[in-house]
Amino acid sequence: MNSATTSLPEASEKALSKRPIEPDRELIEEIDFREIYARLLRGMTQTIGFAAIGLAIGATAYLISGPFTSSTNSMRVVFGFPGASNGEYPDHSKFQPDDLRASDIVENAIKRQGLDATEDSESRVRAGLTVEGIIPPDVVKERDRLRATGQTPSAYIPDEYLVTLTLPHGDTLTSRQRELLLDNIVSAYHEKFERTYSAIPLAFGNAFESLRDADYFDYELILDNEMQSISTYLDQQLDQAKTFRSSTTNLSFNDLKKQTEFFQRVQLSEALGLIRQNGLSKNHSKAMVKIDYYLRALEEREQKAVEEEKVIDDLLAKSQARSENYVLGIKSQAVEPRTQSPMLDQGLIDSLLANDAYNFLVHQALDAGLKVERIHADKMQLLSRRKDLENIGDKDTLDQAALFKQVSDALITLESEYKILISNIRKTHADFSRQQFADAIRISVQPFTDSRYRPVAVAGIMGAIIGFLFGIGLSLLGLYGSAKTETV
């Protein structure tokens with residue numbers, strides 16, 4: 001009997017444990033949704049009132065604090081010059097979008113707008129400027145897909161940037177002035193870019209300016225260097241734009257190259273030939289002193305260059321001997337049978353390093369040899385000119401006067417032809433720069449100012465939501481404006 005009585009509770013507990021768990025219906029029945037709805041409906045008037053009060057308080061609070069809040073002006077800038085996609089300027093230096101915030105750019109933009117470019121205003125504008133890259137959504141999806149497949153995406157350099165200027169509402173600059181300031185910042189940056197990478201250097205084409213009141217002895221040195229610089233420049237432009245033709249001069253860089261060669265063969269050779277052949281000099285003793293100084297300087301350079309050439313030749317001979325030993329070592333290892341040989345063994349690595357060192361030394365030896373030959377050629381040229389100057393005393397004075405007159409006329413003609421050549425080069429280069437860097441820096445979205453009413457509306461809406469929720473809470477608690485609490 002005891003076993004029967006004790007087994008009954010256990011059986012009931014097992015039966016209860018097997019029954020599914022049902023929600024507490026009594027608790028649900030105690031919640032009267034009709035009463036909740038009635039309370040909310042009864043307090044709807046005060047709820048709407050609290051929402052209206054919250055709306056007014058939020059908007060008023062923002063308007064009161066308006067002078068202490070900030071205003072944002074934005075625009076979009078696209079960098080499209082060669083190398084921008086690789087994070088480089090055209091000269092392969094590192095490109096940084098924050099260069100828009102450089103102090104000289106900001107100062108130039110403020111002055112361009114006619115404002116006082118003080119240190120305080122410049123620092124305030126620079127602190128408010130931000131430059132952020134814009135990444136398109138398709139690029140983000142593609143990079144996420146690569147990460148999902150286990151690949152590491154390469155660094156992405158955007159070509160479009162968002163430039164924002166954030167200043168307090170109470171700042172001395174109006175919204176329109178801030179927009180113009182952003183535009184002037186981009187314009188100042190664009191001009192600096194053109195001066196650095198597209199404009200011809202100011203010293204280019206000013207050979208005759210540096211020859212004012214110079215001796216005839218100096219004409220050959222300066223004009224020869226000028227012709228070498230022009231030829232080097234035209235060769236570089238030919239590599240970049242072989243088919244380009246200027247719309248202003250109707251000349252290509254190949255045409256300019258031919259004009260330069262004609263200028264050297266005809267006009268330049270005539271004037272310099274007269275000076276060289278007759279050993280003309282305005283001040284004979286001064287010219288001889290210059291030549292002696294140049295000769296001593298060239299002799300010192302020649303001695304240093306010869307010593308460097310000897311050192312490089314010795315290293316080259318040693319490197320060549322070691323590289324032959326490495327090659328023989330690899331051949332002896334290659335004939336040995338290997339079942340599990342690595343793809344790169346130590347001998348092969350040493351051989352590759354030795355070959356790289358050998359190639360480097362070969363280039364160094366070639367440069368050193370050419371340097372010695374150039375110095376030697378310059379030295380021989382100066383010795384020849386010195387010999388011509390030494391023979392000047394054997395000529396008649398009347399002949400000297402006639403020669404000076406002839407050379408002066410030739411130099412006047414030479415200068416006029418030189419100016420025509422430089423003018424054609426400058427105009428052709430300007431057309432090429434406009435074509436190559438037309439879209440180097442451009443504004444894709446003009447400067448605009450965020451609406452001042454939007455933050456006011458947002459503040460009012462937030463206040464209205466808070467007031468509305470506060471009114472609902474009072475209604476659920478049964479607290480109404482003029483209602484009396486009823487006791488049950």
# chains A, B, ... in the order shown; residues from 1 in each chain; ligands from 1
$ residues_around --residues "A:Leu41" --least-positions-apart "5" --cutoff "12 Å" --atoms "only C-alpha atoms" --output "PyMOL selection string"
chain A and resi 34-36+46-48+471-472+475-476+478+480
$ write_last_selection --atoms "N, CA and C atoms" --output "compact mmCIF listing (two decimals), in the first residue's frame"
# COMPACT_ATOMS: atom_id res chain seq x y z
N ARG A 34 -8.73 46.65 -23.99
CA ARG A 34 -9.73 47.69 -24.20
C ARG A 34 -9.52 48.85 -23.24
N GLU A 35 -9.10 48.54 -22.05
CA GLU A 35 -8.85 49.60 -21.09
C GLU A 35 -7.62 50.43 -21.50
N ILE A 36 -6.58 49.72 -22.00
CA ILE A 36 -5.39 50.44 -22.47
C ILE A 36 -5.76 51.38 -23.61
N GLN A 46 -3.80 65.38 -24.49
CA GLN A 46 -2.59 65.81 -23.80
C GLN A 46 -1.34 65.24 -24.45
N THR A 47 -1.45 64.04 -25.06
CA THR A 47 -0.29 63.48 -25.77
C THR A 47 0.11 64.36 -26.94
N ILE A 48 -0.90 64.79 -27.70
CA ILE A 48 -0.61 65.69 -28.82
C ILE A 48 -0.06 67.02 -28.31
N GLY A 471 3.62 61.85 -23.18
CA GLY A 471 2.16 61.87 -23.08
C GLY A 471 1.57 60.49 -23.05
N ILE A 472 2.08 59.56 -23.85
CA ILE A 472 1.58 58.18 -23.82
C ILE A 472 1.83 57.54 -22.46
N SER A 475 -0.71 58.79 -20.02
CA SER A 475 -2.03 58.20 -20.30
C SER A 475 -2.12 56.78 -19.79
N LEU A 476 -1.07 55.99 -19.96
CA LEU A 476 -1.09 54.62 -19.48
C LEU A 476 -1.14 54.56 -17.96
N GLY A 478 -2.73 56.62 -16.22
CA GLY A 478 -4.02 57.18 -15.81
C GLY A 478 -3.92 58.58 -15.29
N TYR A 480 -4.11 62.38 -16.11
CA TYR A 480 -4.61 63.30 -17.12
C TYR A 480 -4.52 64.72 -16.59
$ select_by_dssp --residues "stretch 38-282 of chain A" --states "helix (DSSP H, G or I)" --output "ChimeraX atom specification"
/A:38-42,44-64,66-68,84-86,97-101,103-112,119-128,137-148,175-198,207-210,216-240,253-278
$ write_last_selection --atoms "C-alpha atoms" --output "short mmCIF file (atom, residue, chain, number, x, y, z; two decimals), in the first residue's frame"
data_model
loop_
_atom_site.label_atom_id
_atom_site.label_comp_id
_atom_site.auth_asym_id
_atom_site.auth_seq_id
_atom_site.Cartn_x
_atom_site.Cartn_y
_atom_site.Cartn_z
CA ALA A 38 -9.48 53.71 -23.72
CA ARG A 39 -6.72 55.34 -21.65
CA LEU A 40 -4.71 56.19 -24.75
CA LEU A 41 -7.78 57.59 -26.45
CA ARG A 42 -8.74 59.61 -23.41
CA MET A 44 -4.73 61.68 -26.82
CA THR A 45 -5.31 65.40 -26.39
CA GLN A 46 -2.59 65.81 -23.80
CA THR A 47 -0.29 63.48 -25.77
CA ILE A 48 -0.61 65.69 -28.82
CA GLY A 49 -0.08 68.71 -26.61
CA PHE A 50 3.13 67.30 -25.15
CA ALA A 51 4.32 66.46 -28.67
CA ALA A 52 3.66 70.04 -29.77
CA ILE A 53 5.47 71.37 -26.69
CA GLY A 54 8.45 69.07 -27.40
CA LEU A 55 8.50 70.24 -31.02
CA ALA A 56 8.61 73.87 -29.96
CA ILE A 57 11.22 73.27 -27.26
CA GLY A 58 13.53 71.30 -29.60
CA ALA A 59 13.36 73.88 -32.40
CA THR A 60 13.79 76.78 -29.98
CA ALA A 61 16.75 75.15 -28.26
CA TYR A 62 18.50 74.67 -31.60
CA LEU A 63 17.82 78.25 -32.66
CA ILE A 64 19.17 79.54 -29.36
CA GLY A 66 22.63 78.25 -33.42
CA PRO A 67 25.61 80.61 -33.12
CA PHE A 68 27.53 77.86 -31.31
CA ALA A 84 46.70 59.76 -59.76
CA SER A 85 45.28 56.23 -59.84
CA ASN A 86 48.62 54.97 -58.51
CA PRO A 97 44.76 64.61 -51.22
CA ASP A 98 45.55 66.66 -48.10
CA ASP A 99 47.75 68.84 -50.33
CA LEU A 100 44.53 70.81 -50.87
CA ARG A 101 44.88 71.91 -47.23
CA SER A 103 49.11 76.52 -45.99
CA ASP A 104 50.20 78.22 -49.21
CA ILE A 105 47.06 77.02 -51.00
CA VAL A 106 44.74 78.30 -48.26
CA GLU A 107 46.60 81.60 -48.02
CA ASN A 108 46.43 82.12 -51.79
CA ALA A 109 42.70 81.29 -51.82
CA ILE A 110 41.94 83.77 -49.02
CA LYS A 111 43.89 86.54 -50.76
CA ARG A 112 42.22 85.76 -54.07
CA GLU A 119 47.48 83.62 -39.40
CA ASP A 120 44.30 83.16 -37.35
CA SER A 121 41.99 83.04 -40.35
CA GLU A 122 44.31 80.68 -42.21
CA SER A 123 44.54 78.26 -39.27
CA ARG A 124 40.77 78.41 -38.75
CA VAL A 125 40.07 77.53 -42.38
CA ARG A 126 42.68 74.76 -42.43
CA ALA A 127 41.24 73.24 -39.24
CA GLY A 128 37.75 73.23 -40.78
CA PRO A 137 29.33 50.93 -53.96
CA ASP A 138 30.34 48.54 -56.75
CA VAL A 139 33.98 48.80 -55.63
CA VAL A 140 32.95 47.99 -52.04
CA LYS A 141 30.98 44.94 -53.22
CA GLU A 142 33.88 43.72 -55.33
CA ARG A 143 36.33 44.05 -52.45
CA ASP A 144 33.93 42.27 -50.09
CA ARG A 145 33.62 39.46 -52.63
CA LEU A 146 37.40 39.12 -52.79
CA ARG A 147 37.64 39.00 -48.99
CA ALA A 148 34.90 36.36 -48.88
CA SER A 175 27.62 80.82 -46.65
CA ARG A 176 28.27 82.31 -50.09
CA GLN A 177 31.78 83.39 -49.09
CA ARG A 178 32.53 79.88 -47.84
CA GLU A 179 31.40 78.38 -51.13
CA LEU A 180 33.60 80.82 -53.05
CA LEU A 181 36.48 80.01 -50.71
CA LEU A 182 36.20 76.30 -51.53
CA ASP A 183 36.19 77.11 -55.23
CA ASN A 184 39.24 79.36 -54.83
CA ILE A 185 41.10 76.63 -52.93
CA VAL A 186 40.68 74.24 -55.85
CA SER A 187 41.66 76.98 -58.33
CA ALA A 188 44.81 77.82 -56.35
CA TYR A 189 45.73 74.14 -56.18
CA HIS A 190 45.15 73.76 -59.93
CA GLU A 191 47.41 76.73 -60.72
CA LYS A 192 50.14 75.35 -58.47
CA PHE A 193 49.84 72.00 -60.24
CA GLU A 194 50.21 73.67 -63.65
CA ARG A 195 53.25 75.66 -62.53
CA THR A 196 54.90 72.52 -61.19
CA TYR A 197 54.07 69.88 -63.79
CA SER A 198 52.81 71.51 -66.99
CA ALA A 207 69.97 82.38 -72.53
CA PHE A 208 70.43 85.83 -74.07
CA GLU A 209 69.14 87.49 -70.90
CA SER A 210 72.05 85.94 -69.02
CA TYR A 216 82.19 86.62 -76.53
CA PHE A 217 84.06 83.89 -74.77
CA ASP A 218 80.91 83.04 -72.73
CA TYR A 219 78.53 82.76 -75.68
CA GLU A 220 79.71 79.35 -76.76
CA LEU A 221 79.49 77.84 -73.26
CA ILE A 222 76.01 79.15 -72.46
CA LEU A 223 74.43 78.65 -75.90
CA ASP A 224 75.81 75.11 -76.22
CA ASN A 225 74.29 74.19 -72.83
CA GLU A 226 71.01 75.87 -73.87
CA MET A 227 70.82 73.85 -77.08
CA GLN A 228 71.46 70.65 -75.15
CA SER A 229 68.65 71.48 -72.72
CA ILE A 230 66.22 72.25 -75.57
CA SER A 231 67.12 69.04 -77.40
CA THR A 232 66.66 66.97 -74.23
CA TYR A 233 63.28 68.58 -73.57
CA LEU A 234 62.06 67.97 -77.13
CA ASP A 235 63.19 64.33 -76.98
CA GLN A 236 61.16 63.85 -73.80
CA GLN A 237 58.09 65.44 -75.37
CA LEU A 238 58.47 63.28 -78.47
CA ASP A 239 58.36 60.16 -76.29
CA GLN A 240 55.10 61.34 -74.70
CA PHE A 253 57.46 68.35 -81.39
CA ASN A 254 59.20 66.63 -84.28
CA ASP A 255 58.92 69.86 -86.28
CA LEU A 256 60.38 71.80 -83.35
CA LYS A 257 63.22 69.30 -83.18
CA LYS A 258 64.03 69.95 -86.84
CA GLN A 259 63.83 73.72 -86.30
CA THR A 260 66.28 73.42 -83.42
CA GLU A 261 68.72 71.43 -85.51
CA PHE A 262 68.45 73.97 -88.34
CA PHE A 263 69.01 76.80 -85.84
CA GLN A 264 72.18 75.11 -84.58
CA ARG A 265 73.56 74.37 -88.06
CA VAL A 266 72.89 77.80 -89.58
CA GLN A 267 72.37 80.75 -87.23
CA LEU A 268 74.27 79.43 -84.20
CA SER A 269 77.17 78.01 -86.17
CA GLU A 270 77.68 81.28 -88.05
CA ALA A 271 77.96 83.47 -84.95
CA LEU A 272 79.94 81.04 -82.83
CA GLY A 273 82.15 80.15 -85.80
CA LEU A 274 83.21 83.77 -86.20
CA ILE A 275 84.00 84.02 -82.51
CA ARG A 276 85.87 80.74 -82.40
CA GLN A 277 87.81 81.13 -85.61
CA ASN A 278 89.05 84.62 -84.89
#
$ closest_residue --among "A:Val445, A:Leu382, A:Glu299, A:Pro455" --to "A:Tyr161" --atoms "only C-alpha atoms"
A:Val445
$ select_by_dssp --residues "stretch 113-215 of chain A" --states "strand (DSSP E)" --output "list in words"
Leu129, Thr130, Val131, Glu132, Gly133, Glu160, Tyr161, Leu162, Val163, Thr164, Leu165, Thr166, Leu167 and Pro168 of chain A
$ write_last_selection --atoms "C-alpha atoms" --output "short mmCIF file (atom, residue, chain, number, x, y, z; two decimals), in the first residue's frame"
data_model
loop_
_atom_site.label_atom_id
_atom_site.label_comp_id
_atom_site.auth_asym_id
_atom_site.auth_seq_id
_atom_site.Cartn_x
_atom_site.Cartn_y
_atom_site.Cartn_z
CA LEU A 129 38.84 71.60 -44.06
CA THR A 130 38.56 67.84 -44.52
CA VAL A 131 39.26 65.74 -47.61
CA GLU A 132 37.70 62.27 -47.75
CA GLY A 133 37.85 59.73 -50.56
CA GLU A 160 36.97 61.51 -56.42
CA TYR A 161 37.09 63.22 -53.04
CA LEU A 162 34.60 65.04 -50.83
CA VAL A 163 35.98 68.37 -49.62
CA THR A 164 34.10 69.91 -46.69
CA LEU A 165 34.55 73.17 -44.84
CA THR A 166 33.01 73.20 -41.35
CA LEU A 167 32.86 76.55 -39.55
CA PRO A 168 30.59 77.93 -36.79
#
$ residues_around --residues "A:Leu383" --least-positions-apart "6" --cutoff "10 Å" --atoms "only C-alpha atoms" --output "list in words"
Ile291, Asp292, Leu295, Ala377 and Leu389 of chain A
$ closest_residue --among "A:Asp356, A:Phe95, A:Val407, A:Met380" --to "A:Phe81" --atoms "only C-alpha atoms"
A:Phe95
